[in-house]
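Quick look at run19.cif (mmCIF, C-alpha atoms):
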data_final
#
loop_
_atom_site.label_atom_id
_atom_site.label_comp_id
_atom_site.auth_asym_id
_atom_site.auth_seq_id
_atom_site.Cartn_x
_atom_site.Cartn_y
_atom_site.Cartn_z
CA MET A 1 10.52 -28.74 -11.41
CA LEU A 2 13.02 -26.33 -9.89
CA TYR A 3 12.51 -27.76 -6.40
CA GLY A 4 12.74 -31.32 -7.77
CA GLY A 5 15.89 -30.50 -9.73
CA LEU A 6 17.53 -29.01 -6.67
CA LEU A 7 16.70 -32.13 -4.63
CA VAL A 8 18.06 -34.45 -7.36
CA LEU A 9 21.21 -32.34 -7.62
CA ALA A 10 21.69 -32.51 -3.85
CA GLY A 11 21.17 -36.32 -3.96
CA ALA A 12 23.68 -36.71 -6.80
CA MET A 13 26.25 -34.63 -4.94
CA LEU A 14 25.70 -36.69 -1.78
CA ILE A 15 26.10 -40.02 -3.64
CA GLY A 16 29.17 -38.71 -5.48
CA LEU A 17 30.73 -37.62 -2.20
CA ILE A 18 30.04 -41.03 -0.63
CA ASN A 19 31.60 -42.87 -3.61
CA PHE A 20 34.63 -40.60 -3.57
CA LEU A 21 35.25 -41.00 0.16
CA VAL A 22 34.76 -44.79 0.00
CA SER A 23 37.09 -45.20 -2.99
CA GLN A 24 39.79 -43.14 -1.29
CA GLY A 25 40.40 -45.63 1.53
CA LEU A 26 38.90 -48.80 0.10
CA TYR A 27 42.19 -50.40 -1.05
CA THR A 28 43.90 -49.75 2.27
CA THR A 29 40.87 -51.05 4.18
CA ILE A 30 40.74 -54.32 2.20
CA THR A 31 44.51 -54.80 2.46
CA SER A 32 44.41 -54.33 6.22
CA ALA A 33 41.49 -56.73 6.52
CA VAL A 34 43.30 -59.39 4.47
CA ALA A 35 46.50 -58.90 6.45
CA ARG A 36 44.61 -59.45 9.69
CA ASN A 37 42.86 -62.56 8.25
CA PRO A 38 45.41 -64.43 6.09
CA ASP A 39 43.06 -67.37 5.64
CA VAL A 40 40.95 -65.38 3.20
CA ALA A 41 43.84 -65.19 0.72
CA PRO A 42 43.12 -67.57 -2.17
CA GLY A 43 45.41 -70.59 -2.41
CA HIS A 44 47.16 -69.92 0.87
CA SER A 45 46.77 -71.67 4.15
CA SER A 46 49.97 -70.42 5.81
CA PRO A 47 50.29 -67.10 7.49
CA LEU A 48 51.33 -64.16 5.37
CA PRO A 49 54.82 -62.82 5.81
CA THR A 50 55.32 -60.27 8.45
CA ALA A 51 57.97 -57.71 9.13
CA GLY A 52 60.02 -60.22 11.23
CA PRO A 53 63.43 -61.71 10.22
CA ALA A 54 63.47 -63.19 6.80
CA SER A 55 63.62 -66.98 6.53
CA PRO A 56 66.94 -68.27 5.17
CA GLY A 57 66.95 -69.81 1.81
CA PRO A 58 65.39 -68.97 -1.54
CA VAL A 59 62.22 -71.08 -1.22
CA PRO A 60 60.53 -69.18 1.61
CA VAL A 61 61.32 -65.86 -0.03
CA GLN A 62 59.75 -67.00 -3.30
CA ARG A 63 56.63 -68.18 -1.47
CA ASP A 64 56.33 -64.86 0.32
CA GLN A 65 56.52 -62.96 -2.94
CA GLU A 66 53.87 -65.18 -4.49
CA ALA A 67 51.63 -64.66 -1.45
CA LEU A 68 52.04 -60.89 -1.62
CA ALA A 69 51.24 -60.86 -5.33
CA ALA A 70 48.11 -62.95 -4.75
CA VAL A 71 46.97 -60.60 -1.96
CA LYS A 72 47.41 -57.62 -4.25
CA VAL A 73 45.41 -59.26 -7.01
CA PHE A 74 42.69 -60.24 -4.56
CA THR A 75 42.59 -56.77 -3.05
CA ARG A 76 42.35 -55.07 -6.44
CA ALA A 77 39.56 -57.39 -7.50
CA ALA A 78 37.67 -56.86 -4.26
CA GLU A 79 38.12 -53.11 -4.54
CA GLN A 80 36.85 -53.07 -8.13
CA ALA A 81 33.87 -55.29 -7.32
CA THR A 82 32.97 -53.18 -4.29
CA GLN A 83 33.15 -49.94 -6.27
CA ASN A 84 31.04 -51.38 -9.09
CA ARG A 85 28.48 -52.66 -6.63
CA LEU A 86 28.42 -49.36 -4.77
CA LEU A 87 28.07 -47.42 -8.02
CA THR A 88 25.21 -49.64 -9.21
CA ILE A 89 23.34 -49.29 -5.93
CA SER A 90 23.98 -45.52 -5.92
CA LEU A 91 22.60 -45.06 -9.43
CA VAL A 92 19.49 -47.11 -8.67
CA THR A 93 19.00 -45.19 -5.43
CA LEU A 94 19.51 -41.86 -7.23
CA ALA A 95 16.92 -42.77 -9.87
CA ALA A 96 14.34 -43.74 -7.26
CA PHE A 97 15.20 -40.65 -5.20
CA ALA A 98 14.80 -38.43 -8.29
CA ILE A 99 11.34 -39.79 -9.07
CA ILE A 100 10.14 -39.43 -5.49
CA SER A 101 11.75 -35.99 -5.10
CA VAL A 102 10.17 -34.56 -8.25
CA ALA A 103 6.77 -35.95 -7.28
CA LEU A 104 6.98 -34.62 -3.72
CA ALA A 105 8.36 -31.26 -4.86
CA TRP A 106 5.59 -30.92 -7.44
CA TRP A 107 2.94 -31.70 -4.84
CA MET A 108 4.45 -29.44 -2.19
CA ALA A 109 4.99 -26.52 -4.59
CA GLY A 110 1.41 -26.79 -5.81
CA ARG A 111 0.11 -26.86 -2.24
CA VAL A 112 2.22 -23.91 -1.13
CA LEU A 113 1.63 -21.78 -4.23
CA ARG A 114 -2.10 -22.47 -4.49
CA PRO A 115 -2.90 -19.10 -2.81
CA VAL A 116 -1.00 -17.36 -5.61
CA GLY A 117 -3.41 -18.92 -8.08
CA VAL A 118 -6.33 -17.71 -5.97
CA ILE A 119 -4.89 -14.19 -5.91
CA THR A 120 -4.30 -14.28 -9.68
CA ARG A 121 -7.83 -15.46 -10.46
CA THR A 122 -9.30 -12.84 -8.14
CA ALA A 123 -7.23 -10.06 -9.74
CA ARG A 124 -8.33 -11.13 -13.23
CA ARG A 125 -11.97 -11.29 -12.18
CA LEU A 126 -12.10 -7.89 -10.48
CA SER A 127 -13.65 -4.89 -12.18
CA GLY A 128 -15.50 -1.77 -11.15
CA GLU A 129 -18.65 -3.79 -10.47
CA ASN A 130 -17.23 -6.40 -8.07
CA LEU A 131 -14.58 -4.56 -6.06
CA HIS A 132 -16.38 -5.80 -2.96
CA GLU A 133 -14.90 -9.30 -3.44
CA ARG A 134 -11.98 -10.31 -1.25
CA ILE A 135 -9.52 -13.20 -1.19
CA ALA A 136 -9.98 -13.83 2.55
CA LEU A 137 -7.27 -16.50 2.47
CA ASP A 138 -7.68 -19.08 5.23
CA ALA A 139 -4.08 -20.17 5.79
CA PRO A 140 -1.44 -20.16 8.51
CA ALA A 141 0.60 -17.03 9.02
CA GLY A 142 3.32 -16.66 6.43
CA GLU A 143 4.48 -14.70 3.41
CA LEU A 144 1.57 -15.75 1.18
CA LYS A 145 -0.95 -15.01 3.93
CA GLN A 146 0.57 -11.55 4.29
CA LEU A 147 0.42 -11.10 0.51
CA ALA A 148 -3.27 -12.05 0.41
CA ASP A 149 -4.10 -9.75 3.35
CA THR A 150 -2.17 -6.90 1.71
CA PHE A 151 -4.11 -7.49 -1.50
CA ASP A 152 -7.38 -7.35 0.45
CA ASP A 153 -6.31 -4.09 2.10
CA MET A 154 -5.46 -2.67 -1.31
CA LEU A 155 -8.93 -3.68 -2.56
CA ASP A 156 -10.48 -1.92 0.44
CA ARG A 157 -8.68 1.29 -0.48
CA MET A 158 -9.55 0.93 -4.15
CA GLU A 159 -13.22 0.32 -3.37
CA HIS A 160 -13.27 3.40 -1.14
CA LEU A 161 -11.58 5.57 -3.80
CA VAL A 162 -13.75 4.31 -6.64
CA GLY A 163 -16.86 4.83 -4.52
CA ALA A 164 -15.74 8.35 -3.64
CA GLN A 165 -15.09 9.14 -7.31
CA LYS A 166 -18.51 7.84 -8.31
CA ARG A 167 -20.19 9.89 -5.60
CA PHE A 168 -18.16 12.93 -6.61
CA ALA A 169 -19.13 12.60 -10.27
CA ALA A 170 -22.79 12.03 -9.41
CA ASN A 171 -22.91 14.96 -6.99
CA ALA A 172 -21.10 17.29 -9.41
CA ALA A 173 -23.49 16.32 -12.19
CA HIS A 174 -26.44 16.89 -9.85
CA GLU A 175 -25.19 20.32 -8.81
CA LEU A 176 -24.63 21.41 -12.39
CA ARG A 177 -27.92 19.92 -13.57
CA THR A 178 -29.78 21.75 -10.81
CA SER A 179 -28.31 25.07 -11.89
CA LEU A 180 -29.18 24.41 -15.52
CA ALA A 181 -32.73 23.42 -14.56
CA VAL A 182 -33.18 26.65 -12.59
CA GLN A 183 -31.86 28.70 -15.48
CA ARG A 184 -34.13 26.93 -17.97
CA ALA A 185 -37.20 27.37 -15.76
CA ALA A 186 -36.43 31.04 -15.18
CA ALA A 187 -35.90 31.64 -18.87
CA GLU A 188 -39.02 29.75 -19.99
CA ILE A 189 -41.42 30.99 -17.33
CA GLY A 190 -40.07 34.25 -16.02
CA LEU A 191 -39.09 35.83 -19.31
CA ALA A 192 -42.48 35.02 -20.87
CA THR A 193 -44.01 37.99 -19.06
CA SER A 194 -43.75 41.61 -20.14
CA ASP A 195 -43.61 42.93 -16.57
CA PRO A 196 -40.32 44.87 -16.21
CA GLU A 197 -40.03 44.05 -12.52
CA ALA A 198 -40.46 40.32 -13.14
CA VAL A 199 -37.90 40.45 -15.94
CA ALA A 200 -35.44 42.25 -13.65
CA ARG A 201 -36.05 39.71 -10.89
CA ILE A 202 -35.49 36.80 -13.30
CA ARG A 203 -32.38 38.52 -14.60
CA ARG A 204 -30.95 38.71 -11.06
CA LYS A 205 -31.86 35.08 -10.47
CA LEU A 206 -30.14 33.98 -13.67
CA ILE A 207 -27.02 35.94 -12.75
CA GLU A 208 -27.05 34.41 -9.26
CA VAL A 209 -27.37 30.88 -10.64
CA ALA A 210 -24.65 31.56 -13.21
CA ASP A 211 -22.36 32.82 -10.45
CA SER A 212 -23.10 29.69 -8.41
CA SER A 213 -22.25 27.44 -11.37
CA GLU A 214 -19.06 29.40 -11.99
CA ARG A 215 -18.01 29.03 -8.34
CA LEU A 216 -18.72 25.31 -8.51
CA ILE A 217 -16.59 24.89 -11.64
CA GLU A 218 -13.78 26.95 -10.12
CA GLY A 219 -13.94 24.77 -7.00
CA LEU A 220 -13.73 21.60 -9.11
CA LEU A 221 -10.74 22.97 -11.03
CA LEU A 222 -9.03 23.99 -7.79
CA LEU A 223 -9.67 20.54 -6.35
CA SER A 224 -8.16 18.93 -9.45
CA VAL A 225 -5.08 21.17 -9.36
CA SER A 226 -4.41 20.54 -5.67
CA ASP A 227 -4.84 16.79 -6.13
CA GLN A 228 -1.97 16.81 -8.65
CA GLY A 229 0.53 18.02 -6.05
CA LEU A 230 2.90 20.99 -6.06
CA ASP A 231 5.50 21.80 -8.67
CA HIS A 232 6.88 24.78 -6.77
CA ARG A 233 7.31 25.53 -3.08
CA GLU A 234 8.36 28.71 -1.34
CA PRO A 235 8.34 29.98 2.25
CA VAL A 236 4.93 31.36 3.23
CA ALA A 237 4.27 33.30 6.45
CA LEU A 238 1.11 31.50 7.46
CA ASP A 239 0.43 33.74 10.47
CA GLU A 240 0.37 36.85 8.26
CA LEU A 241 -1.85 35.10 5.74
CA VAL A 242 -4.29 34.08 8.49
CA ARG A 243 -4.49 37.61 9.89
CA THR A 244 -5.22 39.03 6.44
CA VAL A 245 -7.97 36.54 5.63
CA THR A 246 -9.49 36.79 9.12
CA ALA A 247 -9.66 40.58 8.92
CA GLU A 248 -11.37 40.31 5.53
CA TYR A 249 -14.05 37.94 6.83
CA ALA A 250 -14.47 39.89 10.09
CA ALA A 251 -15.49 42.92 8.02
CA SER A 252 -17.71 40.92 5.65
CA ARG A 253 -21.43 41.55 5.36
CA GLN A 254 -22.29 38.03 6.47
CA ALA A 255 -20.39 38.43 9.76
CA ARG A 256 -21.98 41.83 10.44
CA ASP A 257 -25.52 40.73 9.56
CA HIS A 258 -25.39 37.70 11.85
CA GLY A 259 -23.28 39.26 14.61
CA ILE A 260 -20.53 36.64 14.29
CA THR A 261 -17.17 37.51 15.82
CA VAL A 262 -14.16 36.52 13.71
CA GLN A 263 -10.77 36.80 15.39
CA ALA A 264 -7.25 35.47 14.95
CA ARG A 265 -4.74 34.29 17.54
CA THR A 266 -1.48 33.69 15.77
CA ALA A 267 2.14 33.00 16.51
CA PRO A 268 4.90 33.28 13.90
CA MET A 269 4.93 30.23 11.61
CA THR A 270 6.43 29.71 8.17
CA VAL A 271 5.59 26.79 5.91
CA ARG A 272 6.89 25.81 2.49
CA GLY A 273 4.21 25.63 -0.14
CA ASP A 274 2.13 27.45 -2.72
CA PRO A 275 0.88 30.80 -1.38
CA VAL A 276 -2.18 30.81 -3.68
CA LEU A 277 -3.32 27.35 -2.58
CA LEU A 278 -2.63 28.14 1.07
CA THR A 279 -4.77 31.27 0.71
CA HIS A 280 -7.60 29.14 -0.64
CA LEU A 281 -7.12 26.71 2.25
CA VAL A 282 -7.47 29.45 4.88
CA ARG A 283 -10.38 31.08 3.01
CA ASN A 284 -12.27 27.81 2.79
CA LEU A 285 -11.72 27.06 6.48
CA VAL A 286 -12.82 30.49 7.68
CA GLY A 287 -15.65 30.70 5.12
CA ASN A 288 -16.96 27.28 6.14
CA ALA A 289 -16.81 28.22 9.84
CA LEU A 290 -18.68 31.45 9.13
CA ARG A 291 -21.25 29.88 6.83
CA TYR A 292 -22.21 27.06 9.20
CA ASN A 293 -22.67 29.17 12.33
CA HIS A 294 -25.50 30.82 14.22
CA ASP A 295 -26.34 34.41 15.04
CA GLY A 296 -24.03 35.87 17.65
CA GLY A 297 -21.55 33.04 17.24
CA HIS A 298 -17.79 33.14 16.98
CA VAL A 299 -14.97 32.00 14.70
CA THR A 300 -11.48 31.74 16.16
CA VAL A 301 -8.49 31.08 13.91
CA GLY A 302 -5.31 30.06 15.70
CA VAL A 303 -1.76 29.42 14.50
CA HIS A 304 0.55 27.77 17.00
CA GLY A 305 3.36 25.26 16.74
CA ARG A 306 2.95 23.63 13.33
CA ALA A 307 -0.86 23.68 13.37
CA LEU A 308 -3.57 25.88 11.91
CA GLU A 309 -6.74 25.55 14.00
CA VAL A 310 -10.21 26.95 13.25
CA ASP A 311 -12.82 26.77 16.00
CA ASN A 312 -16.38 27.91 15.46
CA SER A 313 -19.74 27.80 17.18
CA GLY A 314 -22.78 26.48 15.35
CA PRO A 315 -25.26 23.63 15.23
CA HIS A 316 -24.54 20.30 16.88
CA VAL A 317 -22.49 17.96 14.68
CA PRO A 318 -22.83 14.19 15.28
CA PRO A 319 -19.31 12.87 15.96
CA GLU A 320 -19.80 9.87 13.66
CA THR A 321 -20.38 12.19 10.66
CA VAL A 322 -17.28 14.34 11.18
CA PRO A 323 -14.84 12.24 9.05
CA TYR A 324 -17.21 12.39 6.06
CA LEU A 325 -17.29 16.20 6.02
CA PHE A 326 -13.97 16.23 4.10
CA GLU A 327 -15.62 14.46 1.16
CA PRO A 328 -16.97 16.58 -1.72
CA PHE A 329 -20.63 17.69 -1.53
CA ARG A 330 -21.10 16.40 2.02
CA ARG A 331 -23.38 18.67 4.08
CA LEU A 332 -25.16 18.43 7.40
CA GLU A 333 -27.66 21.06 6.34
CA GLU A 334 -29.18 22.17 3.09
CA ARG A 335 -26.85 24.07 0.77
CA ARG A 336 -25.96 27.64 1.53
CA HIS A 337 -23.60 29.19 -1.01
CA ALA A 338 -21.33 32.00 0.02
CA ARG A 339 -19.65 34.33 -2.41
CA GLY A 340 -16.37 32.97 -3.73
CA GLU A 341 -16.78 29.40 -2.46
CA GLY A 342 -17.58 26.24 -4.39
CA ALA A 343 -20.85 24.62 -3.40
CA GLY A 344 -20.19 21.73 -1.06
CA LEU A 345 -16.46 21.66 -1.82
CA GLY A 346 -15.05 23.74 1.04
CA LEU A 347 -13.59 21.07 3.33
CA SER A 348 -12.75 18.70 0.48
CA ILE A 349 -10.61 21.46 -1.05
CA VAL A 350 -9.01 21.99 2.37
CA ALA A 351 -8.14 18.29 2.62
CA SER A 352 -6.77 18.21 -0.93
CA ILE A 353 -4.58 21.31 -0.48
CA ALA A 354 -3.35 20.02 2.89
CA HIS A 355 -2.44 16.67 1.31
CA ALA A 356 -0.51 18.48 -1.43
CA HIS A 357 1.50 20.20 1.33
CA HIS A 358 2.04 16.90 3.20
CA ALA A 359 -0.12 18.22 6.02
CA ARG A 360 -2.60 16.26 8.15
CA THR A 361 -6.22 17.32 8.62
CA ASP A 362 -8.55 16.29 11.40
CA ALA A 363 -11.75 17.61 12.94
CA GLU A 364 -13.77 17.11 16.07
CA ALA A 365 -17.23 18.17 17.11
CA ASN A 366 -17.40 20.74 19.91
CA PRO A 367 -19.57 19.77 22.90
CA GLY A 368 -21.59 22.99 22.65
CA GLY A 369 -21.96 22.81 18.87
CA GLY A 370 -19.78 23.64 15.91
CA LEU A 371 -16.44 22.20 14.83
CA THR A 372 -12.73 22.45 15.51
CA ILE A 373 -10.65 21.75 12.42
CA ARG A 374 -6.87 21.39 12.53
CA VAL A 375 -4.32 21.34 9.73
CA VAL A 376 -0.95 20.14 11.02
CA PHE A 377 1.94 20.99 8.72
CA PRO A 378 5.23 19.03 8.65
CA GLY A 379 8.36 20.48 10.16
CA PRO A 380 11.02 22.22 8.04
CA GLU A 381 13.15 19.11 7.53
CA GLU A 382 10.19 16.83 6.84
CA GLY A 383 8.61 19.38 4.50
CA ARG A 384 11.84 19.76 2.52
#

Structure translated into structure tokens:
Amino acid sequence: MLYGGLLVLAGAMLIGLINFLVSQGLYTTITSAVARNPDVAPGHSSPLPTAGPASPGPVPVQRDQEALAAVKVFTRAAEQATQNRLLTISLVTLAAFAIISVALAWWMAGRVLRPVGVITRTARRLSGENLHERIALDAPAGELKQLADTFDDMLDRMEHLVGAQKRFAANAAHELRTSLAVQRAAAEIGLATSDPEAVARIRRKLIEVADSSERLIEGLLLLSVSDQGLDHREPVALDELVRTVTAEYAASRQARDHGITVQARTAPMTVRGDPVLLTHLVRNLVGNALRYNHDGGHVTVGVHGRALEVDNSGPHVPPETVPYLFEPFRRLEERRHARGEGAGLGLSIVASIAHAHHARTDAEANPGGGLTIRVVFPGPEEGR
């Protein structure tokens, strides 16, 4: 209706302009035409008076005045009749134009806006069970095509996020249920005996499982906190933090027992962020590199430019699986819990903390085995 109204308004303005322009010069046009053709004057067969010398005597002058008066009456009548005729034709034309314009505008608007109806119906129909549906609009390139494609891209991201959340919830429930099942079995079977050594062994097992569950819950809480972003930022000397954490892991029992060399190669670098979360980020990176390694391997932690890089030896990692390692509970091998780390949450916590600091994470498989993980922090201006 809006398109049709605009077309009718434009038609009315055009017809009004034509009538105005015609009426402005119509009298002069008819007068000139009558002056050039004196035979059309009613009741006169002699030429109309011109600007030449006046004829002597009163009779010719009187006839000239009567002729001029008749021409004026004829001209006025012709002008009025022409305007009435033009107005009648204009109104009839405007009415027909209005009907055709509204019909065409209604048809065209419906044809052009039909994809909006498709998008609306799809949005109303979507739920958690059918996020796989897409609009897949088959239309020429244009604004509505771009809108439909953008909507499909948004659905892709939503499906990925919802799927990741479902996997996360299922994996977290499985991890916690496994710990509870081990505790129940140990309590029901192991504590039924009166052997002091068996009771002590079951006690250690229960404490170990409880510690594992506690680390898992702490990892989930840390992941939730880092996903919410940062409320406070302060300058943090990342190179000093890396040297401290690296020295701690280099002297750890796990590194000594397996002969793994842990070393740091740092250059001065300061980032703005939360020092506690950044400490967890470095700990998770170094702990993951140490945990998934082999005897006599190495872990090298480097800080250069705006990047934190952790390179470690270890088993071969298929390149196609590398991007999925940043998802919670993703493992290439069976679980191996290290003290102080959440089960299966190491790299997902790294990605979450990095995202909270506006940093970019990426990883690549080393040709000889192991991984190289980089966390690239924004520059001072970008970070601020």

- Task: Using the chain letters and numbering of this document, enumerate as a list in words the residues selected by the PyMOL selection byres ((chain A and resi 308-318) around 6).
- Result: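 Applied to this file, the PyMOL selection byres ((chain A and resi 308-318) around 6) selects Ala289, Asn293, His294, Gly297, His298, Val299, Thr300, Val301, Gly302, Val303, Ala307, Pro319, Glu320, Thr321, Ala365, Gly369, Gly370, Leu371, Thr372, Ile373, Arg374 and Val375 of chain A.
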
If we count only C-alpha atoms and set the cut-off at 9 Å, which residues sit around range 148-153 of chain A, ignoring sequence neighbours fewer than 5 positions away in its own chain? Please answer as a CSV table (one decimal) with C-alpha atoms, in the coordinates of the input.
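Okay, this is what ended up in out-v1.csv:
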chain,number,residue,atom,x,y,z
A,115,PRO,CA,-2.9,-19.1,-2.8
A,116,VAL,CA,-1.0,-17.4,-5.6
A,119,ILE,CA,-4.9,-14.2,-5.9
A,133,GLU,CA,-14.9,-9.3,-3.4
A,134,ARG,CA,-12.0,-10.3,-1.2
A,135,ILE,CA,-9.5,-13.2,-1.2
A,136,ALA,CA,-10.0,-13.8,2.6
A,137,LEU,CA,-7.3,-16.5,2.5
A,143,GLU,CA,4.5,-14.7,3.4
A,158,MET,CA,-9.6,0.9,-4.2

- Query: For the atom pair CA of Leu155 in chain A and CA of Asp138 in chain A, what is the interatomic distance in Å to one decimal place?
  - Reply: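 These two atoms are separated by 17.3 Å.
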
- Message: Just the number, please: distance in Å from CA of Arg63 in chain A to CA of Glu79 in chain A, one decimal.
- Response: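 Pair CA of Arg63 in chain A / CA of Glu79 in chain A returns 24.1 Å.
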
- Message: Can you pull out the residues contacting Gly379 in chain A? Cut-off 12 Å, using all atoms listed in the file, and skip same-chain residues under 6 positions away; I want them as number ranges by chain.
- Response: A: 269-272, 305-307, 357-360

- Message: Please report the interatomic distance between CA of Gly296 in chain A and CA of Thr261 in chain A in Å with one decimal.
- Response: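 These two atoms are separated by 7.3 Å.
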
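Here the question is which of A:Val242, A:Leu161, A:Met1, A:Ala251 gets nearest to Pro268 in chain A using all atoms listed in the file, and that residue is A:Val242.
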
- In the coordinate frame of the file, compute which residues have an atom within 12 Å of (15.0, -30.7, -7.3) when using all atoms listed in the file, and state them as a list in words.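 Selection result: Met1, Leu2, Tyr3, Gly4, Gly5, Leu6, Leu7, Val8, Leu9, Ala10, Gly11, Ala12, Phe97, Ala98, Ile99, Ile100, Ser101, Val102, Ala103, Leu104, Ala105, Trp106, Met108 and Ala109 of chain A.
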
- Name the residues that the PyMOL selection byres ((chain A and resi 273) around 8) picks from the file above, as a list in words, using the file's chain letters and numbers.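 Applying the PyMOL selection byres ((chain A and resi 273) around 8) to the structure shown produces Leu230, His232, Arg233, Glu234, Pro235, Val236, Val271, Arg272, Asp274, Pro275, Leu278 and His357 of chain A.
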
- Contacts of Arg76 in chain A at 10 Å (all atoms listed in the file; same-chain gap of 6+ positions) as a list in words: Leu26, Tyr27, Ile30, Thr31, Ala70 and Thr82 of chain A

Using all atoms of range 121-125 of chain A listed in the file and a margin of 4 Å per side, can you give the axis-aligned box centre and edge lengths in Å to one decimal, as AutoDock Vina command-line options?
--center_x -9.6 --center_y -12.8 --center_z -10.7 --size_x 12.7 --size_y 13.4 --size_z 13.1

- Message: Under the rule that only C-alpha atoms are counted, which of A:Gly16, A:Gly25, A:Gly259, A:Gly287 is the nearest residue to Thr246 in chain A?
- Response: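 Selected residue with least distance to Thr246 in chain A: A:Gly287.
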
- For Gly117 in chain A, the closest of A:Val22, A:Ile202, A:Leu131, A:Leu144 counting all atoms listed in the file is A:Leu144
